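Comments concern the structure below.
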Amino acid sequence: MSPFVCTPLIPDTPLLPRKPRFKRATAIRCRAAPAPGDAALRAFRVHHVAGHSLAANPALLPALAACARLLTAAAEAEQIHALLVKSGLPSSVSGVYASTSLARVYARLGRLGDARKVFDGMPERTLVSWNVLLDGLVRAGDLDAAWEMFVEMPERNVSSWNTVMAGFVRHGWAQEAVELFTEMTEVYGLTPDETTMVGFVSAVRSLGLLGFGRSAHGYITRREFSLDGALGVALINMYTRCGCMGAAYQCFSSVISKNVEHWTSVIGGFAAHGHSEMALKLFAEMRQLGVKPNGVTFVAVLNACSHGGLVDEGFRYFNLMRGMGIRPLIQHYGCLVDLFGRAGFLEEAFNLASSLPEEQGFVMWSSLLAACQTHGNVDMAEVAAQKLADTEPSHGSSYVLLSNAYARAGQWDDLKRTRSRMEEHRVVKKPGLSWIEVDGSVHSFVTADKLHTESKDIYHMLEDLKLNLMSAGSKPETFDLPEV
DNA sequence: TTAGGGTTAG
């Protein structure tokens, strides 16, 4: 295959005309003379070409910072590294900044071995150098190694704690992140800064600890931390995940300088909770104010359309996105499949889903399977369930969704067969969990469990609620399930 | 002059 042809992540479907490719000549010219796109890299080159020594090049550290930020400038970083080695700068004491910055570039590129080599070669290390390496381990997902390093570091500051905490949250260790916060503040008496609060709020968001989230918000307000950056986004997201759209919107409104992520978070929140009109109204407002949406914003917008049954609008937004030069990803196509499926256009949903790469299709086929259940198409449900099982064979939800579809269609023999196949393959469906936080402790429940210490009182309360609902005229939807 | 932060399809 020609190196000049980009392989699209998603194969184009008839819906989506193929994008024009770059002209061959343009690609060759770019390759022959790669001009650094970043201002700092350009400045570095200007000084270097003018014959300035590395130590006298004011753009050295900004250029390395750019390499760390861009993640596409590995070649430039290597060139600067070579120049540093040649100049002898990294081994001099004044080179501690350059070496730390260089180690950071490799750490950010995921080249931990190279980062470690630079670090090991440093005659003098600062706490920042340690934190850079710590961050590299955290980003690579080697949390055990990161923890080991964190414990053994000669000293630690708030940044070290923040680095580990953010890493824990990013890799799903939210509970550990909360514990880390408690230890940092209560045992070590350190004062949290804005970054600490971003990590903490993100952790309590993952765990659904609304009470902790509210306390954190209070603390943030008292400290007069700005909500203009990541902190505002984290707070909006925390309220959204806890189902408090009122608080999320209030928080959003209090952000003075709103960026695309603030807008995306609040739009995504309203979309997820079924308030499609509000989500789309906010999207229009955002554009009117000149904030440019990104691919994630469009996931939120398309989600609003699918939850609101707005098929035509969904396609209009999808085309708008492509018109803005944003390449659709599997999430966007997933929204379209969901949009078709929920609205009952099962054939269209199926055709679109079938045209996409299978390995990323788990969520998409689940949504289609759910749509087949809703609209009573058992034949298609069987195919979708098979696709799901192909993607993740040990996942129980495909069997459960399929048996639900059989139940809805009254095909009890097929339902029995599916359940026995599940047993044969020893597939266990992980039960969905609900939880509620009362006075700082989290109480979790699965369907029909009696493990909670106050289980008896809870079931009494449920009975009361049920009676109240019935007397108010509510009728539950029931099926006559046979013994399986 | 070098470190740590946020949004994504069921």
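Following the order of the structure tokens, chains are lettered A, B, ..., residues in each are numbered from 1, and ligands are numbered from 1.
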
Proximal residues of chain A relative to chain B (only C-alpha atoms (C1' of nucleotides); 7 Å) as a compact mmCIF listing (two decimals) with C-alpha atoms, in the first residue's frame:
# COMPACT_ATOMS: atom_id res chain seq x y z
CA TYR A 97 16.19 21.72 33.68
CA ALA A 98 16.97 20.50 30.18
CA THR A 100 14.20 16.97 33.33
CA SER A 101 12.35 18.42 30.36
CA VAL A 128 10.59 17.85 39.71
CA ASN A 131 7.78 13.79 39.68
CA VAL A 132 8.34 13.62 35.93
CA SER A 159 2.50 17.65 42.90
CA SER A 160 3.75 14.14 43.72
CA ASN A 162 -1.54 14.91 42.72
CA THR A 163 0.30 12.87 40.09
CA THR A 195 -5.06 20.10 40.73
CA VAL A 198 -9.63 18.08 40.17
CA GLY A 199 -8.37 14.60 41.08
CA ALA A 230 -10.38 21.50 34.48
CA LEU A 231 -11.88 22.10 37.91
CA VAL A 233 -15.37 20.59 34.05
CA ALA A 234 -14.76 18.05 36.83
CA GLU A 261 -15.25 21.02 27.58
CA THR A 264 -19.63 19.44 26.23
CA SER A 265 -20.00 18.24 29.82
CA VAL A 296 -16.78 14.71 21.88
CA VAL A 299 -21.12 12.51 20.68
CA GLN A 331 -18.80 6.47 19.07
CA HIS A 332 -20.52 8.70 16.51
CA GLY A 334 -22.68 4.02 17.58
CA CYS A 335 -24.97 6.98 18.28
CA VAL A 363 -21.57 -1.07 22.82
CA MET A 364 -23.10 -0.71 19.38
CA SER A 366 -25.70 -4.06 22.72
CA SER A 367 -27.74 -1.03 21.82

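Of the residues in stretch 347-463 of chain A, those given strand (DSSP E or B) by DSSP on the backbone are Ser434, Trp435, Ile436, Glu437, Val438, Ser441, Val442, His443, Ser444 and Phe445 of chain A.
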
- Message: Quick check, in Å to one decimal: how far apart do atom CA of A:Tyr239 and atom CA of A:Ala271 lie?
- Response: 14.0 Å

- Using DSSP on the backbone coordinates, identify all residues within stretch 282-400 of chain A classified as alpha helix (DSSP H); present the result as number ranges by chain. A: 282-288, 295-308, 311-323, 330-342, 346-354, 362-375, 378-391, 397-400

- Point-to-point distance from atom CA of A:Gly473 to atom CA of A:His375, Å rounded to tenths: 26.4 Å

Set the distance at 12 Å and use only C-alpha atoms (C1' of nucleotides): which residues neighbour A:Gly361 once local chain neighbours fewer than 6 positions away are removed? I'd like the list as an mmCIF file with C-alpha atoms (C1' of nucleotides), in the first residue's frame.
data_model
loop_
_atom_site.group_PDB
_atom_site.id
_atom_site.type_symbol
_atom_site.label_atom_id
_atom_site.label_comp_id
_atom_site.auth_asym_id
_atom_site.auth_seq_id
_atom_site.Cartn_x
_atom_site.Cartn_y
_atom_site.Cartn_z
ATOM 1 C CA ILE A 10 -13.808 3.487 9.918
ATOM 2 C CA LEU A 329 -15.340 7.781 15.176
ATOM 3 C CA ILE A 330 -16.972 4.551 16.292
ATOM 4 C CA GLN A 331 -18.800 6.469 19.071
ATOM 5 C CA HIS A 332 -20.520 8.698 16.507
ATOM 6 C CA TYR A 333 -21.570 5.751 14.375
ATOM 7 C CA GLY A 334 -22.677 4.023 17.583
ATOM 8 C CA CYS A 335 -24.970 6.981 18.279
ATOM 9 C CA VAL A 337 -27.047 2.957 15.239
ATOM 10 C CA PHE A 350 -28.274 -3.280 11.343
ATOM 11 C CA LEU A 352 -24.813 0.522 9.486
ATOM 12 C CA ALA A 353 -23.555 -1.602 12.395
ATOM 13 C CA SER A 354 -22.515 -4.370 9.989
ATOM 14 C CA SER A 355 -20.383 -1.955 7.974
ATOM 15 C CA SER A 367 -27.736 -1.027 21.815
ATOM 16 C CA LEU A 368 -29.027 -2.737 18.690
ATOM 17 C CA LEU A 369 -29.884 -5.844 20.676
ATOM 18 C CA ALA A 384 -26.840 -9.126 17.217
ATOM 19 C CA ALA A 385 -26.353 -11.412 20.220
ATOM 20 C CA LYS A 387 -21.987 -10.471 17.176
ATOM 21 C CA LEU A 388 -21.837 -9.461 20.831
ATOM 22 C CA ALA A 389 -20.705 -12.906 21.888
ATOM 23 C CA ASP A 390 -18.029 -12.799 19.150
ATOM 24 C CA THR A 391 -16.714 -9.466 20.438
ATOM 25 C CA GLU A 392 -16.658 -10.462 24.103
ATOM 26 C "C1'" DA B 9 -21.892 5.620 21.818
ATOM 27 C "C1'" DG B 10 -25.968 0.826 25.767
#

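One finds atom CA of A:Gln360 at 20.3 Å from atom CA of A:Glu347.
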